[in-house]
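J.: Dropping the structure in here first, questions after.
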Amino acid sequence: MKFELKKWHRNTPDDELIADLKNTAKKLNQDFVTRNQQDEFGKFDSSNMADRLGGWAKAHEKAGLNLARHQKNVRISDDELFHNLEEAWTRIGKQPTKSDMFPPLSKYSSGAYVGHFGTWMKGLEKFVTYINSEENASSEEAIKNLVAEPTTRHKTQRNINWRLRFIVMRHDNFKCKNCGRSPATNPTIVLHVDHIKAWANGGETILENLQTLCSKCNIGKSDLE
C-alpha cells in the first residue's frame, strides 16, 4: 500500500470546510460525524477541520450538526437501543432503514446506532443475535423440564416480554393471523401478540402458544373468551 500524506488545505475557506462536514453527515444520513467518518468519507480531514474551526464540537456547531446528542447516545445501553429498534420494526411491519429511524417512529436516530455499534448494519446484526438467543429459551422444548409455580400452576409468566413479542411477529411475517392485515401495507394497523390457549386456562407463554393479531381481531377474540 502506497504511503501518502494528507494535504493540509491550509488556505481552504472555513465555509468550504463546514460545507464538507455537512456533506459527510448527509452521506451518512446522520446529524453528527465522528472524526473517523470524516477522515474516511470527507474531502478534508478531521484534524484540519478541528484546528481551523476551533475544535470538533465547534465545527459541528458551525455546521448546524448535533455532536452533543451523539455523545449522549454513546452511553445508551444495548438493551435500550434493541428495544427501540424492535418497536420501530414492529410498527412498520418490516426491517427499518436508516431513513425510518426518526420520531415519532423511533426515539433514536440511526446515528445513535452508528455511534454505538460502529455501523447501522452492525447494529442490526447485534439485534438479530440478541433476538435469536431469546427464541431458543422460549420454546416448548426449553420449558418441558421446568416445574410449575404452585401459586399460578404455570411454568412461565403471563407477561410477554418485548423480545418474545418480536419473535412471534417475525414468525407470523408481521401479519394478523386472523385477517392477514399488516402495518407494512396499512400503517394504521397495530399488531399485538396473544395467547392461543388463554393463560387463564393453562396456556403457557411460549412460542408455540402465541400468535400475532391486529388490535381489532384481538378485541374480537377477547369478547368470545
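Order determines the names: the first chain of the C-alpha cells is A, the second B, and so forth; residues in each chain are numbered 1 upward, and ligands are numbered 1 upward as they are shown.
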Arg52 in chain A: which residues within 10 Å, counting only C-alpha atoms, same-chain residues fewer than 3 positions away excluded, as JSON, numbers by chain?
T.: {"A": [10, 12, 13, 14, 17, 46, 47, 48, 49, 55, 56, 58, 59]}
J.: For Lys22 in chain A, find every residue with an atom within 8 Å (counting only C-alpha atoms), except residues of its own chain fewer than 4 positions away, and show them as a list in words.
T.: Ile18, Lys26, Ala63 and Leu65 of chain A
J.: Output C-alpha atoms of each residue in that selection to a file, as a PDB file, in the first residue's frame.
T.:
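Listing of selection25.pdb after writing:
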ATOM      1  CA  ILE A  18     -18.146  23.488   7.011  1.00  0.00           C
ATOM      2  CA  LYS A  26     -25.708  13.920   4.620  1.00  0.00           C
ATOM      3  CA  ALA A  63     -22.325  23.221  10.520  1.00  0.00           C
ATOM      4  CA  LEU A  65     -24.999  19.441  13.428  1.00  0.00           C
TER       5      LEU A  65
END
J.: Name the closest residue to Asn84 in chain A among the candidates A:Gly111, A:Arg35, A:Trp162, A:Lys62; distances are taken between atoms, counting only C-alpha atoms.
T.: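 The closest residue to Asn84 in chain A is A:Trp162.
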J.: Please identify all polymer residues within 10 Å of Phe41 in chain A, counting only C-alpha atoms, omitting same-chain residues fewer than 2 positions from it, and present them as a PyMOL selection string.
T.: chain A and resi 20-21+23-25+27-28+33+36-39+43-45
J.: Could you dump the residues just selected with C-alpha atoms as a PDB file, in the first residue's frame?
T.:
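Writing the result to selection10.pdb gives the following:
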ATOM      1  CA  ASP A  20     -17.784  19.385   3.545  1.00  0.00           C
ATOM      2  CA  LEU A  21     -18.700  18.391   7.101  1.00  0.00           C
ATOM      3  CA  ASN A  23     -21.970  16.830   3.134  1.00  0.00           C
ATOM      4  CA  THR A  24     -20.363  13.969   5.066  1.00  0.00           C
ATOM      5  CA  ALA A  25     -23.266  13.970   7.532  1.00  0.00           C
ATOM      6  CA  LYS A  27     -23.914  10.958   3.026  1.00  0.00           C
ATOM      7  CA  LEU A  28     -24.219   9.033   6.287  1.00  0.00           C
ATOM      8  CA  VAL A  33     -19.946  12.970  12.108  1.00  0.00           C
ATOM      9  CA  ASN A  36     -13.031   8.594  11.729  1.00  0.00           C
ATOM     10  CA  GLN A  37     -16.073   9.021   9.497  1.00  0.00           C
ATOM     11  CA  GLN A  38     -14.898  12.423   8.301  1.00  0.00           C
ATOM     12  CA  ASP A  39     -11.449  11.045   7.523  1.00  0.00           C
ATOM     13  CA  LYS A  43     -12.897  15.651   1.398  1.00  0.00           C
ATOM     14  CA  PHE A  44     -10.992  17.319   4.243  1.00  0.00           C
ATOM     15  CA  ASP A  45      -9.532  15.545   7.260  1.00  0.00           C
TER      16      ASP A  45
END
J.: Choose the residue, out of A:Thr34, A:Thr205, A:Ser99, A:Ser109, that has the smallest atom-to-atom separation from Asn159 in chain A; count only C-alpha atoms.
T.: A:Thr205
J.: When distances are computed from only C-alpha atoms, which of A:Gly123, A:Gly202, A:Gly180, A:Gly115 shows the smallest separation from Lys155 in chain A?
T.: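 Counting only C-alpha atoms, the residue closest to Lys155 in chain A is A:Gly202.
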J.: Quick one, how far is CA of Asp51 in chain A from CA of Ala112 in chain A?
T.: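 Straight-line distance from CA of Asp51 in chain A to CA of Ala112 in chain A works out to 25.8 Å.
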J.: Residues near Ala184 in chain A, anyone? I mean within 9 Å using only C-alpha atoms, not counting same-chain ones fewer than 6 positions away, as a ChimeraX atom specification.
T.: /A:91-94,174-175
J.: Those residues with C-alpha atoms, as a PDB file, in the first residue's frame please?
T.:
ATOM      1  CA  ARG A  91     -44.779  -0.558  13.936  1.00  0.00           C
ATOM      2  CA  ILE A  92     -43.913  -0.640  10.241  1.00  0.00           C
ATOM      3  CA  GLY A  93     -44.047  -4.419   9.907  1.00  0.00           C
ATOM      4  CA  LYS A  94     -40.682  -4.738   8.194  1.00  0.00           C
ATOM      5  CA  PHE A 174     -45.811  -9.164  10.885  1.00  0.00           C
ATOM      6  CA  LYS A 175     -49.354 -10.031   9.788  1.00  0.00           C
TER       7      LYS A 175
END
